[in-house]
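K.L.:
File protein.txt below, compact mmCIF, C-alpha atoms:
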# COMPACT_ATOMS: atom_id res chain seq x y z
CA ALA M 1 16.42 -21.09 -22.62
CA LEU M 2 14.63 -19.02 -25.25
CA LEU M 3 13.89 -15.32 -25.46
CA ASN M 4 11.04 -14.63 -27.88
CA GLY M 5 11.87 -17.94 -29.59
CA LYS M 6 15.63 -17.34 -29.89
CA GLN M 7 18.18 -19.41 -27.96
CA VAL M 8 19.90 -17.51 -25.18
CA VAL M 9 21.98 -18.15 -22.08
CA GLY M 10 19.93 -17.34 -19.00
CA PHE M 11 21.13 -16.62 -15.48
CA GLU M 12 19.39 -15.60 -12.28
CA ILE M 13 20.66 -13.41 -9.44
CA VAL M 14 19.21 -13.82 -5.95
CA ARG M 15 19.94 -11.45 -3.08
CA SER M 16 21.60 -12.78 0.06
CA ARG M 17 19.76 -12.92 3.34
CA GLY M 18 19.34 -9.47 4.89
CA ALA M 19 20.24 -7.53 1.73
CA GLY M 20 17.87 -4.98 0.23
CA GLU M 21 16.29 -5.93 -3.08
CA VAL M 22 16.45 -2.44 -4.57
CA GLU M 23 20.09 -1.92 -3.59
CA VAL M 24 21.07 -5.32 -5.00
CA ALA M 25 19.20 -4.62 -8.24
CA ASP M 26 20.93 -1.25 -8.65
CA GLY M 27 24.31 -2.87 -8.09
CA VAL M 28 23.56 -5.65 -10.58
CA ARG M 29 22.45 -3.19 -13.23
CA ASP M 30 25.59 -1.12 -12.73
CA ALA M 31 27.73 -4.24 -13.10
CA LEU M 32 25.87 -5.25 -16.26
CA ALA M 33 26.38 -1.77 -17.69
CA LYS M 34 30.13 -2.10 -17.14
CA LEU M 35 30.08 -5.57 -18.72
CA LYS M 36 28.29 -4.20 -21.78
CA ALA M 37 30.86 -1.42 -22.09
CA GLU M 38 33.71 -3.94 -21.92
CA GLN M 39 32.00 -6.56 -24.11
CA PRO M 40 29.86 -4.67 -26.68
CA ASP M 41 28.99 -7.93 -28.48
CA ILE M 42 27.04 -9.20 -25.45
CA LEU M 43 23.37 -8.23 -25.26
CA VAL M 44 21.81 -8.56 -21.80
CA THR M 45 18.02 -8.41 -21.51
CA GLU M 46 16.20 -8.35 -18.19
CA ALA M 47 13.44 -10.90 -18.55
CA PHE M 48 12.02 -10.93 -15.06
CA ASN M 49 12.54 -9.38 -11.63
CA PHE M 50 10.81 -8.96 -8.30
CA VAL M 51 12.34 -5.52 -7.75
CA ASP M 52 10.10 -3.42 -9.99
CA PRO M 53 6.90 -4.51 -8.20
CA VAL M 54 8.51 -3.72 -4.85
CA GLN M 55 9.66 -0.30 -6.06
CA GLU M 56 6.26 0.41 -7.61
CA ASN M 57 4.46 -0.47 -4.39
CA PHE M 58 6.89 1.63 -2.37
CA ASP M 59 6.48 4.66 -4.64
CA GLY M 60 2.70 4.27 -4.58
CA SER M 61 2.64 4.05 -0.79
CA MET M 62 4.85 7.13 -0.44
CA ALA M 63 2.63 9.07 -2.85
CA LEU M 64 -0.44 7.97 -0.89
CA LEU M 65 1.20 9.09 2.34
CA PHE M 66 2.01 12.57 1.02
CA GLU M 67 -1.42 12.94 -0.58
CA GLY M 68 -3.10 11.99 2.68
CA ALA M 69 -1.00 14.48 4.61
CA LEU M 70 -1.80 17.27 2.14
CA LEU M 71 -5.53 16.54 2.20
CA ALA M 72 -5.50 16.41 5.99
CA VAL M 73 -3.93 19.87 6.14
CA LEU M 74 -6.43 21.23 3.60
CA VAL M 75 -9.36 19.88 5.59
CA VAL M 76 -7.95 21.43 8.76
CA TRP M 77 -7.68 24.79 7.04
CA LEU M 78 -11.22 24.46 5.66
CA PHE M 79 -12.66 24.02 9.12
CA LEU M 80 -10.41 26.25 11.21
CA ARG M 81 -10.08 28.97 8.55
CA ASP M 82 -6.99 30.36 10.25
CA TRP M 83 -3.52 29.88 8.81
CA ARG M 84 -1.87 30.08 12.22
CA ALA M 85 -4.12 27.38 13.66
CA THR M 86 -3.66 25.28 10.53
CA LEU M 87 0.13 25.58 10.84
CA VAL M 88 0.09 24.45 14.46
CA ALA M 89 -2.17 21.49 13.65
CA ALA M 90 -0.17 20.52 10.56
CA THR M 91 3.07 20.30 12.51
CA ALA M 92 1.59 17.34 14.38
CA LEU M 93 2.11 15.20 11.26
CA PRO M 94 5.92 15.34 10.97
CA LEU M 95 6.39 15.64 14.72
CA SER M 96 4.45 12.40 15.19
CA MET M 97 6.05 10.47 12.33
CA ILE M 98 9.70 11.33 12.95
CA PRO M 99 9.86 9.77 16.44
CA ALA M 100 7.74 6.89 15.13
CA PHE M 101 10.45 6.23 12.52
CA ALA M 102 13.06 6.21 15.29
CA VAL M 103 11.13 3.62 17.32
CA MET M 104 10.51 1.54 14.19
CA HIS M 105 14.27 1.47 13.61
CA LEU M 106 14.91 0.35 17.18
CA MET M 107 12.34 -2.43 16.75
CA GLY M 108 13.99 -3.62 13.54
CA PHE M 109 11.18 -2.46 11.25
CA THR M 110 11.82 -1.08 7.77
CA LEU M 111 9.98 1.25 5.42
CA ASN M 112 8.06 -1.35 3.47
CA VAL M 113 4.61 -1.72 1.97
CA VAL M 114 3.08 -2.79 5.30
CA THR M 115 4.51 0.02 7.44
CA LEU M 116 3.80 2.65 4.79
CA LEU M 117 0.24 1.37 4.52
CA SER M 118 -0.09 1.70 8.28
CA LEU M 119 1.19 5.28 8.25
CA SER M 120 -1.05 6.14 5.30
CA LEU M 121 -4.03 4.82 7.23
CA VAL M 122 -3.37 6.86 10.37
CA VAL M 123 -2.09 10.04 8.69
CA GLY M 124 -5.48 11.68 9.17
CA VAL M 125 -5.71 10.46 12.75
CA LEU M 126 -2.39 12.05 13.71
CA VAL M 127 -3.85 15.56 13.55
CA ASP M 128 -7.07 14.71 15.42
CA ASP M 129 -5.71 15.42 18.89
CA ALA M 130 -4.07 18.64 17.75
CA ILE M 131 -7.29 19.80 16.08
CA VAL M 132 -9.27 19.20 19.26
CA GLU M 133 -6.70 21.09 21.30
CA ILE M 134 -6.54 24.04 18.90
CA GLU M 135 -10.30 24.33 18.48
CA ASN M 136 -10.72 24.53 22.25
CA ILE M 137 -7.90 27.07 22.49
CA MET M 138 -9.60 29.18 19.81
CA ARG M 139 -12.83 29.01 21.82
CA HIS M 140 -11.03 30.40 24.86
CA LEU M 141 -9.43 33.09 22.73
CA ARG M 142 -12.89 34.24 21.66
CA MET M 143 -13.66 34.73 25.37
CA GLY M 144 -11.06 37.48 25.46
CA LYS M 145 -8.26 35.55 27.13
CA THR M 146 -4.61 35.95 26.22
CA PRO M 147 -3.08 33.22 24.00
CA TYR M 148 -0.99 31.88 26.90
CA GLN M 149 -3.93 31.77 29.29
CA ALA M 150 -6.20 30.25 26.63
CA ALA M 151 -3.67 27.54 25.80
CA MET M 152 -3.14 26.56 29.44
CA GLU M 153 -6.80 26.48 30.42
CA ALA M 154 -8.02 24.85 27.20
CA ALA M 155 -5.41 22.10 27.37
CA ASP M 156 -6.26 21.37 31.00
CA GLU M 157 -9.98 21.35 30.25
CA ILE M 158 -9.97 18.55 27.65
CA GLY M 159 -6.82 16.68 28.68
CA MET M 160 -8.50 13.47 29.84
CA ALA M 161 -10.81 13.39 26.82
CA VAL M 162 -7.88 13.62 24.39
CA ILE M 163 -5.93 10.93 26.24
CA ALA M 164 -8.94 8.60 26.33
CA THR M 165 -9.58 9.09 22.60
CA THR M 166 -5.97 8.33 21.69
CA PHE M 167 -5.73 5.18 23.76
CA THR M 168 -9.00 4.00 22.26
CA LEU M 169 -7.36 4.18 18.84
CA ILE M 170 -4.28 2.39 20.13
CA ALA M 171 -6.53 -0.33 21.52
CA VAL M 172 -7.92 -0.79 18.01
CA PHE M 173 -4.61 -1.01 16.13
CA LEU M 174 -2.25 -2.69 18.60
CA PRO M 175 -4.03 -6.09 18.85
CA THR M 176 -3.39 -6.65 15.14
CA ALA M 177 0.32 -6.91 15.99
CA PHE M 178 -0.37 -10.04 18.03
CA MET M 179 -2.30 -12.00 15.40
CA SER M 180 -1.18 -15.59 14.99
CA GLY M 181 -0.35 -17.57 11.87
CA VAL M 182 0.60 -16.17 8.49
CA PRO M 183 -1.54 -13.01 8.82
CA GLY M 184 0.33 -12.22 12.02
CA LYS M 185 3.62 -12.07 10.09
CA PHE M 186 2.16 -9.29 7.95
CA PHE M 187 0.32 -7.36 10.66
CA VAL M 188 2.97 -7.29 13.39
CA GLN M 189 4.67 -4.26 11.82
CA PHE M 190 1.32 -2.80 10.75
CA GLY M 191 -0.13 -2.78 14.27
CA TRP M 192 2.99 -1.54 16.04
CA THR M 193 3.62 1.23 13.50
CA ALA M 194 0.07 2.57 13.74
CA ALA M 195 0.03 2.40 17.54
CA ILE M 196 3.42 4.11 17.88
CA ALA M 197 2.51 6.95 15.50
CA VAL M 198 -0.84 7.54 17.25
CA PHE M 199 0.87 7.55 20.66
CA PHE M 200 3.36 10.21 19.57
CA SER M 201 0.49 12.27 18.16
CA LEU M 202 -0.87 12.32 21.73
CA VAL M 203 2.53 13.44 23.07
CA VAL M 204 2.64 16.25 20.49
CA ALA M 205 -0.94 17.33 21.21
CA ARG M 206 -0.46 17.43 24.98
CA MET M 207 3.02 18.97 25.11
CA LEU M 208 3.91 20.85 21.93
CA THR M 209 0.57 21.98 20.53
CA PRO M 210 -0.43 24.14 23.55
CA MET M 211 3.09 25.63 23.69
CA MET M 212 3.05 26.52 20.00
CA ALA M 213 -0.50 27.85 20.23
CA ALA M 214 0.46 30.14 23.14
CA TYR M 215 3.07 31.90 20.99
CA ILE M 216 1.66 31.60 17.46
CA LEU M 217 -2.13 31.99 17.71
CA LYS M 218 -3.72 35.41 17.83
CA PRO M 219 -7.17 36.39 19.12
CA PRO M 220 -9.75 36.32 16.29
CA LYS M 221 -10.69 39.65 14.78
CA PRO M 222 -14.11 41.12 15.59
CA GLY M 223 -16.82 40.21 13.11
CA HIS M 224 -15.24 36.86 12.32
CA ASP M 225 -17.66 35.24 9.83
CA GLU M 226 -18.58 31.60 10.02
CA PRO M 227 -18.20 29.43 6.88
CA PHE M 228 -21.09 29.46 4.43
CA TRP M 229 -21.83 25.77 4.93
CA LEU M 230 -22.06 25.95 8.73
CA GLY M 231 -25.66 27.22 8.64
CA ALA M 232 -26.82 24.27 6.56
CA TYR M 233 -25.00 21.84 8.86
CA LEU M 234 -26.52 23.36 11.99
CA GLY M 235 -29.95 23.19 10.34
CA TRP M 236 -29.55 19.48 9.68
CA ALA M 237 -28.22 18.90 13.21
CA ALA M 238 -31.20 20.74 14.71
CA TRP M 239 -33.62 18.71 12.60
CA CYS M 240 -32.01 15.45 13.78
CA LEU M 241 -32.28 16.56 17.41
CA ARG M 242 -35.96 17.43 16.99
CA HIS M 243 -36.71 14.08 15.26
CA ARG M 244 -34.63 11.72 17.35
CA VAL M 245 -36.71 8.61 16.69
CA ILE M 246 -36.53 9.03 12.91
CA THR M 247 -32.78 9.72 13.10
CA LEU M 248 -32.10 6.62 15.21
CA LEU M 249 -34.26 4.40 12.99
CA ALA M 250 -32.51 5.67 9.87
CA ALA M 251 -29.08 5.08 11.40
CA ALA M 252 -30.09 1.58 12.51
CA GLY M 253 -31.47 0.85 9.04
CA PHE M 254 -28.23 1.87 7.37
CA PHE M 255 -26.22 -0.16 9.88
CA LEU M 256 -28.26 -3.34 9.48
CA GLY M 257 -28.62 -2.87 5.73
CA SER M 258 -24.86 -2.77 5.36
CA PHE M 259 -24.69 -6.40 6.48
CA ALA M 260 -26.74 -7.37 3.43
CA LEU M 261 -23.83 -6.19 1.27
CA VAL M 262 -21.31 -8.53 2.93
CA PRO M 263 -22.13 -11.57 0.70
CA LEU M 264 -21.51 -9.39 -2.36
CA LEU M 265 -17.91 -8.68 -1.34
CA PRO M 266 -15.24 -11.02 -2.79
CA THR M 267 -13.01 -12.86 -0.36
CA GLY M 268 -9.37 -13.88 -0.56
CA PHE M 269 -6.09 -14.06 1.35
CA ILE M 270 -4.25 -11.35 -0.62
CA PRO M 271 -5.88 -9.00 -3.16
CA PRO M 272 -4.78 -9.72 -6.73
CA ASP M 273 -2.05 -7.46 -8.03
CA ASP M 274 -2.06 -5.62 -11.34
CA LEU M 275 1.63 -5.66 -12.15
CA SER M 276 3.22 -6.09 -15.55
CA GLN M 277 4.66 -9.57 -15.02
CA THR M 278 3.21 -13.05 -14.94
CA GLN M 279 4.21 -16.64 -15.66
CA VAL M 280 2.79 -19.62 -17.52
CA TYR M 281 3.55 -23.15 -16.28
CA LEU M 282 3.38 -26.12 -18.63
CA SER M 283 3.32 -29.76 -17.49
CA LEU M 284 3.49 -32.65 -19.95
CA PRO M 285 2.65 -36.29 -19.12
CA PRO M 286 5.30 -38.30 -17.24
CA GLY M 287 7.92 -39.74 -19.56
CA SER M 288 7.88 -36.82 -21.99
CA THR M 289 11.25 -35.96 -23.47
CA TYR M 290 13.07 -32.67 -23.49
CA ALA M 291 12.37 -32.23 -27.21
CA GLU M 292 8.63 -32.73 -26.68
CA THR M 293 8.56 -30.23 -23.81
CA LEU M 294 10.52 -27.69 -25.84
CA ALA M 295 8.14 -28.10 -28.79
CA ALA M 296 5.10 -27.65 -26.54
CA ALA M 297 6.67 -24.58 -24.95
CA GLU M 298 7.32 -23.08 -28.38
CA GLN M 299 3.70 -23.66 -29.39
CA ALA M 300 2.60 -21.98 -26.17
CA ARG M 301 4.91 -19.03 -26.86
CA LEU M 302 3.43 -18.50 -30.30
CA LEU M 303 -0.08 -18.51 -28.85
CA VAL M 304 0.90 -16.21 -26.00
CA GLN M 305 2.59 -13.63 -28.20
CA LYS M 306 -0.58 -13.19 -30.23
CA ASN M 307 -1.93 -11.29 -27.24
CA PRO M 308 -1.26 -7.57 -27.81
CA HIS M 309 -0.44 -7.03 -24.13
CA VAL M 310 2.51 -9.46 -24.09
CA LYS M 311 5.83 -7.72 -24.80
CA LEU M 312 8.43 -10.38 -24.02
CA VAL M 313 8.45 -14.14 -23.44
CA TYR M 314 11.32 -15.93 -21.71
CA THR M 315 11.08 -19.71 -21.91
CA ALA M 316 12.93 -22.17 -19.69
CA VAL M 317 12.49 -25.93 -19.81
CA GLY M 318 12.98 -27.82 -16.55
CA GLY M 319 15.32 -26.06 -14.14
CA GLY M 320 17.53 -23.08 -14.81
CA ALA M 321 17.31 -19.36 -14.48
CA ALA M 322 13.73 -18.23 -13.96
CA GLY M 323 12.67 -21.68 -15.08
CA THR M 324 11.12 -22.74 -11.83
CA ASP M 325 8.19 -21.47 -9.87
CA PRO M 326 9.64 -19.16 -7.15
CA PHE M 327 6.88 -20.29 -4.79
CA VAL M 328 7.65 -24.04 -4.85
CA THR M 329 10.44 -25.92 -3.14
CA PRO M 330 13.77 -26.30 -4.99
CA GLY M 331 14.30 -29.53 -6.85
CA ALA M 332 10.72 -29.73 -8.11
CA ALA M 333 11.72 -28.95 -11.73
CA GLU M 334 11.52 -31.77 -14.29
CA VAL M 335 12.31 -32.12 -17.98
CA ARG M 336 8.61 -32.47 -18.71
CA LYS M 337 7.89 -29.03 -17.24
CA ALA M 338 8.45 -25.58 -18.72
CA THR M 339 7.97 -22.01 -17.55
CA LEU M 340 7.14 -19.03 -19.72
CA THR M 341 7.94 -15.73 -18.04
CA LEU M 342 5.91 -12.89 -19.58
CA ASN M 343 6.48 -9.15 -19.49
CA LEU M 344 3.24 -7.29 -20.11
CA THR M 345 2.60 -3.76 -21.24
CA PRO M 346 2.50 -1.22 -18.39
CA ARG M 347 -0.80 -0.93 -16.57
CA ALA M 348 -1.39 2.62 -17.81
CA GLN M 349 -1.17 1.43 -21.44
CA ARG M 350 -3.71 -1.41 -21.19
CA GLY M 351 -6.80 0.75 -21.43
CA GLY M 352 -8.41 -0.45 -18.20
CA ILE M 353 -7.55 -4.13 -18.77
CA THR M 354 -6.13 -5.73 -15.63
CA LYS M 355 -3.48 -8.42 -15.42
CA GLN M 356 -6.18 -10.89 -14.42
CA ASP M 357 -8.05 -10.12 -17.67
CA VAL M 358 -4.88 -10.80 -19.65
CA GLU M 359 -4.32 -14.05 -17.78
CA ARG M 360 -7.86 -15.20 -18.57
CA GLU M 361 -7.25 -14.48 -22.25
CA LEU M 362 -4.03 -16.49 -22.08
CA ARG M 363 -5.80 -19.45 -20.45
CA ASP M 364 -8.40 -19.48 -23.20
CA ALA M 365 -5.72 -19.33 -25.88
CA LEU M 366 -3.56 -22.06 -24.30
CA ALA M 367 -6.51 -24.40 -23.86
CA ALA M 368 -5.89 -25.46 -27.48
CA LEU M 369 -2.61 -27.19 -26.52
CA PRO M 370 -3.23 -31.00 -26.58
CA GLY M 371 -1.96 -33.12 -23.70
CA VAL M 372 -0.48 -30.19 -21.78
CA ARG M 373 -1.56 -29.00 -18.36
CA VAL M 374 -1.43 -25.20 -18.22
CA ASN M 375 -1.41 -22.94 -15.17
CA VAL M 376 -1.25 -19.17 -15.52
CA GLY M 377 -0.21 -16.85 -12.72
CA PHE M 378 2.40 -16.80 -9.97
CA GLY M 379 2.50 -19.91 -7.88
CA GLY M 380 1.10 -22.00 -10.70
CA SER M 381 -2.44 -21.13 -9.66
CA SER M 382 -5.29 -21.35 -12.09
CA GLU M 383 -6.56 -17.92 -11.11
Would you kindly transcribe this structure into structure tokens?
P.N.:
Amino acid sequence: ALLNGKQVVGFEIVRSRGAGEVEVADGVRDALAKLKAEQPDILVTEAFNFVDPVQENFDGSMALLFEGALLAVLVVWLFLRDWRATLVAATALPLSMIPAFAVMHLMGFTLNVVTLLSLSLVVGVLVDDAIVEIENIMRHLRMGKTPYQAAMEAADEIGMAVIATTFTLIAVFLPTAFMSGVPGKFFVQFGWTAAIAVFFSLVVARMLTPMMAAYILKPPKPGHDEPFWLGAYLGWAAWCLRHRVITLLAAAGFFLGSFALVPLLPTGFIPPDDLSQTQVYLSLPPGSTYAETLAAAEQARLLVQKNPHVKLVYTAVGGGAAGTDPFVTPGAAEVRKATLTLNLTPRAQRGGITKQDVERELRDALAALPGVRVNVGFGGSSE
């Protein structure tokens, strides 16, 4: 094995079945730190790992979840314009997610990219039922009723509508949990997580929101001004009601015109990532020797490191640590094959250049290698 052209001893650590990747990585790094303290002459360099992409996706999903929750609360405040009503509506978010986490645990689900994506998608939906309940309660408060009376009568008035709306959303998300094939393996946790969280938002809206509103909300003060944008909205709504034919034709035109954009959308099984790691696979003709493969791999390394976005190159010929494609079956390594594992500059430092752009540049540069088949990207794909 070679690291930036220098001979090294490479080793690979794989987690056992059922173990967490992040926990295993932390333990390995702690053990390596102790080894370095005991053996200062040993230099250990991490050439490649699957943990950083997992951690990056997890952190990004958590940030997206919190951002969505914050924006949902801000939008609620913008429309209700009452901090008490906003507080009652905002409590629907944690009160819906916490029991959803408990059910996910009972079902054997984990906090992963799929479940966090599901929660991020429905985070705005979780406050819908509470908003409808609170808005109707506020309407009854404006009639001069007491908060308790307004909460009871308003909740009873729209109960069936809220239940029907929630189960309509569940009917949209839950079928994705029963998809077959490979997509079904991904969407089983997605569909169940979304459906469970939406169901608990209904429980909160029907049981806790009216109770909280009865004791927290206050009747609006006299002379309560409407928001400045409400007049413009009502004007547009009145115009649409007066010109129903034009409104329907415009809506139908937008709906049908959107289908014309479908052919312009790219298709694929999984969207390409933009992480800071990739691999180059070299295949020489059958019968090539180890020395020939090593020489070809060194030529490829020199070409690859001319790219300013390549920080580190770990080369392995045949089998060995990180020397095989992690997406192919074991035993497929041969002496005539080599793998170059590349660490790229972080995404924020590439100036808008994606990993796919870097891989295209690498393909163009490696096309100069004679008699060598080159594949760039995980899985040995050409794209």
K.L.:
Name the residues in contact with range 201-217 of chain M at a cut-off of 6 Å, using all atoms listed in the file, excluding same-chain residues fewer than 4 positions from it; report them as a ChimeraX atom specification.
P.N.:
/M:84,96,126,129-130,147-148,151
K.L.:
Just the selected residues (C-alpha atoms), exported as a CSV table (one decimal), in the frame of the given file, please.
P.N.:
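Everything below was put into out-v8.csv:
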chain,number,residue,atom,x,y,z
M,84,ARG,CA,-1.9,30.1,12.2
M,96,SER,CA,4.4,12.4,15.2
M,126,LEU,CA,-2.4,12.0,13.7
M,129,ASP,CA,-5.7,15.4,18.9
M,130,ALA,CA,-4.1,18.6,17.8
M,147,PRO,CA,-3.1,33.2,24.0
M,148,TYR,CA,-1.0,31.9,26.9
M,151,ALA,CA,-3.7,27.5,25.8
K.L.:
Within 9 Å of range 38-61 of chain M, which residues of range 78-178 of chain M come that close, and what is the closest atom pair and distance in Å for each? Count all atoms listed in the file and give it as CSV.
P.N.:
residue,atom,partner,partner_atom,distance
M:Leu111,CA,M:Phe58,CA,8.4
M:Asn112,CA,M:Phe58,CA,6.7
M:Val113,CA,M:Phe58,CA,5.9
M:Leu116,CA,M:Ser61,CA,5.9
M:Leu117,CA,M:Ser61,CA,6.4
M:Ser120,CA,M:Ser61,CA,7.4
K.L.:
With all atoms listed in the file as the basis for distance, which of M:Tyr233, M:Ile158, M:Val132, M:Ser118 is at the shortest distance from Ala197 in chain M?
P.N.:
M:Ser118
K.L.:
Between CA of Val372 in chain M and CA of Ile353 in chain M, what is the spacing in Å?
P.N.:
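That distance, rounded to one decimal, is 27.2 Å.
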K.L.:
Rounded to one decimal, what separation in Å do you get between CA of Thr278 in chain M and CA of Thr341 in chain M?
P.N.:
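Spanning CA of Thr278 in chain M to CA of Thr341 in chain M is a straight-line distance of 6.3 Å.
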K.L.:
I'd like the neighbourhood of Leu282 in chain M as a list of chain:residue names, where a residue qualifies if any of its atoms comes within 6 Å (using only C-alpha atoms), though same-chain residues fewer than 4 positions away should be ignored.
P.N.:
M:Lys337, M:Ala338, M:Arg373, M:Val374
K.L.:
Determine, counting only C-alpha atoms, which protein, DNA and RNA residues have an atom within 12 Å of an atom of Met143 in chain M; residues of the same chain fewer than 3 positions away are not included. Present the result as a ChimeraX atom specification.
P.N.:
/M:136-140,146-147,149-150,153-154,219-220,222
K.L.:
Can you tell me how far CA of Phe255 in chain M sits from CA of Val125 in chain M, in Å to one decimal?
P.N.:
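So the two atoms, CA of Phe255 in chain M and CA of Val125 in chain M, lie 23.3 Å apart.
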K.L.:
Do you know which residues are at most 6 Å from range 165-174 of chain M counting all atoms listed in the file, after dropping those on the same chain fewer than 4 positions away, and could you put them as a VMD selection string?
P.N.:
chain M and resid 191 to 192 195
